[in-house]
Amino acid sequence: MVGRGLNARGGRTRLLTFLLVAGLLGLGLGYALHSGAIEVPERWNPWAPVRIADPPNWLTSFKLARLSDEEGLCQYVLAGAEMRYRPVPDQVTAPGCGFSNAVRIEATGTFAVEEAFTLSCRTAVPLAIWERHVLQPAARDHFGHPVTELEHFGSYACRTVSGRDGARMSRHATADAFDIAGFVLEDGRRIRVLDGWPSEGREGDFLRDLHRGACRIFDGALGPDYNPAHHDHFHFEQGGFRMCR
Ligand SMILES: [Zn+2]
């Protein structure tokens, strides 16, 4: 009994020592990264701002989350996106509706948009990352041509998730979400979520790559498999809990 008691105590002491040392090392590493004493490439440094040019990794969501609280940082990051946009004055249109730090997107670095749309800065940044690291590489892989136009169902709308009174407000109500209906490629081919998603061929593969890629970048990505309301578009959003359906 005494031996077992000593063993258990010894085990606990070893565990506590291990946790203490690991905690101190973690703190030291965090401080060293933060202060610049240890230099790692920016994309692997959790304290460095997210950069649109960097391929997404497991730190991307963490870095994107910072943009919600830091408006100036978000605008700084978005300025690196080659997007054509203009700032939109903050608006409160109804209880739970309106936006701040939003931009009106007229074109992205590589494609035109059917109609300019308003998006919060924190959602515009992941859109630029997805465009660069998911959408255009997938278009080239599957079809040999980039996307030149985005067809969408809009972004800002003061409404609930289901459109019914009393339901939770949609991320659309704060311009943190947008709905993509389809794409036009450089050679004129038009791919719509509506008829492309169910196809077994290249169009279906392309669209599924886009959805999978969006799940790694946006907080929420919903597609036709989620529910009938999404049969004809992708819904991408930022700021909520993580969803990939
Ligand atoms: Zn939507």
# chains A, B, ... in the order shown; residues from 1 in each chain; ligands from 1
>>> residues_near_ligand(ligand="ligand 1", cutoff="12 Å", atoms="only C-alpha atoms and all ligand atoms", output="compact mmCIF listing (two decimals) with C-alpha atoms, in the first residue's frame")
# COMPACT_ATOMS: atom_id res chain seq x y z
CA HIS A 152 -24.16 35.61 -57.19
CA PHE A 153 -27.42 36.04 -55.32
CA GLY A 154 -26.13 38.89 -53.21
CA SER A 155 -24.83 39.41 -49.72
CA TYR A 156 -26.43 41.94 -47.40
CA ALA A 157 -30.09 41.27 -46.53
CA CYS A 158 -31.88 42.10 -43.28
CA ARG A 159 -33.44 38.71 -42.61
CA THR A 160 -33.44 35.65 -40.40
CA VAL A 161 -31.80 32.35 -41.32
CA SER A 162 -35.02 30.78 -42.59
CA GLY A 163 -36.70 34.03 -43.58
CA MET A 169 -30.70 36.40 -37.67
CA SER A 170 -28.78 35.33 -40.76
CA ARG A 171 -25.15 36.35 -41.26
CA HIS A 172 -26.52 38.08 -44.36
CA ALA A 173 -28.08 40.64 -41.99
CA THR A 174 -24.60 41.91 -41.08
CA ALA A 175 -23.06 41.54 -44.57
CA ASP A 176 -20.97 38.63 -43.27
CA ALA A 177 -22.35 36.17 -45.85
CA PHE A 178 -22.78 35.92 -49.60
CA ASP A 179 -24.36 33.43 -51.99
CA ILE A 180 -22.59 32.20 -55.13
CA ALA A 181 -24.75 30.87 -57.96
CA GLY A 220 -19.18 28.56 -42.59
CA ALA A 221 -19.66 26.98 -46.02
CA LEU A 222 -23.02 25.52 -47.04
CA GLY A 223 -23.92 23.92 -50.36
CA PRO A 224 -26.71 21.98 -52.06
CA TYR A 226 -27.11 20.99 -46.74
CA ASN A 227 -30.80 21.54 -47.48
CA ALA A 229 -32.93 26.02 -49.75
CA HIS A 230 -29.30 25.77 -50.93
CA HIS A 231 -29.92 23.64 -54.03
CA ASP A 232 -28.75 26.38 -56.38
CA HIS A 233 -25.95 28.18 -54.54
CA PHE A 234 -23.04 28.12 -52.12
CA HIS A 235 -23.44 30.15 -48.94
CA PHE A 236 -20.12 31.31 -47.44
CA GLU A 237 -19.99 33.24 -44.18
CA GLN A 238 -17.63 34.58 -41.57
>>> residues_around(residues="Val50 in chain A", least_positions_apart="4", cutoff="9 Å", atoms="only C-alpha atoms", output="list in words")
Glu42, Arg43, Pro46, Asp54, Leu59, Thr60, Lys63, Leu64, Leu67 and Val77 of chain A
>>> select_by_dssp(residues="chain A", states="strand (DSSP E or B)", output="PyMOL selection string")
chain A and resi 84-88+91-94+97-99+102-107+112-120+147-154+160+169+177-185+190-192+220-222+234-237+243-244
>>> select_by_dssp(residues="range 129-221 of chain A", states="alpha helix (DSSP H)", output="ChimeraX atom specification")
/A:129-130,136-143,193-196,202-217
>>> residues_around(residues="range 112-128 of chain A", least_positions_apart="3", cutoff="7 Å", atoms="only C-alpha atoms", output="NGL selection string")
:A and (52 or 67-68 or 74-75 or 78 or 81 or 99-108 or 131-132 or 148-151 or 154-156 or 175-176 or 217-218 or 237-238)
>>> atom_distance(atom1="CA of Gly28 in chain A", atom2="CA of Leu15 in chain A")
19.7 Å
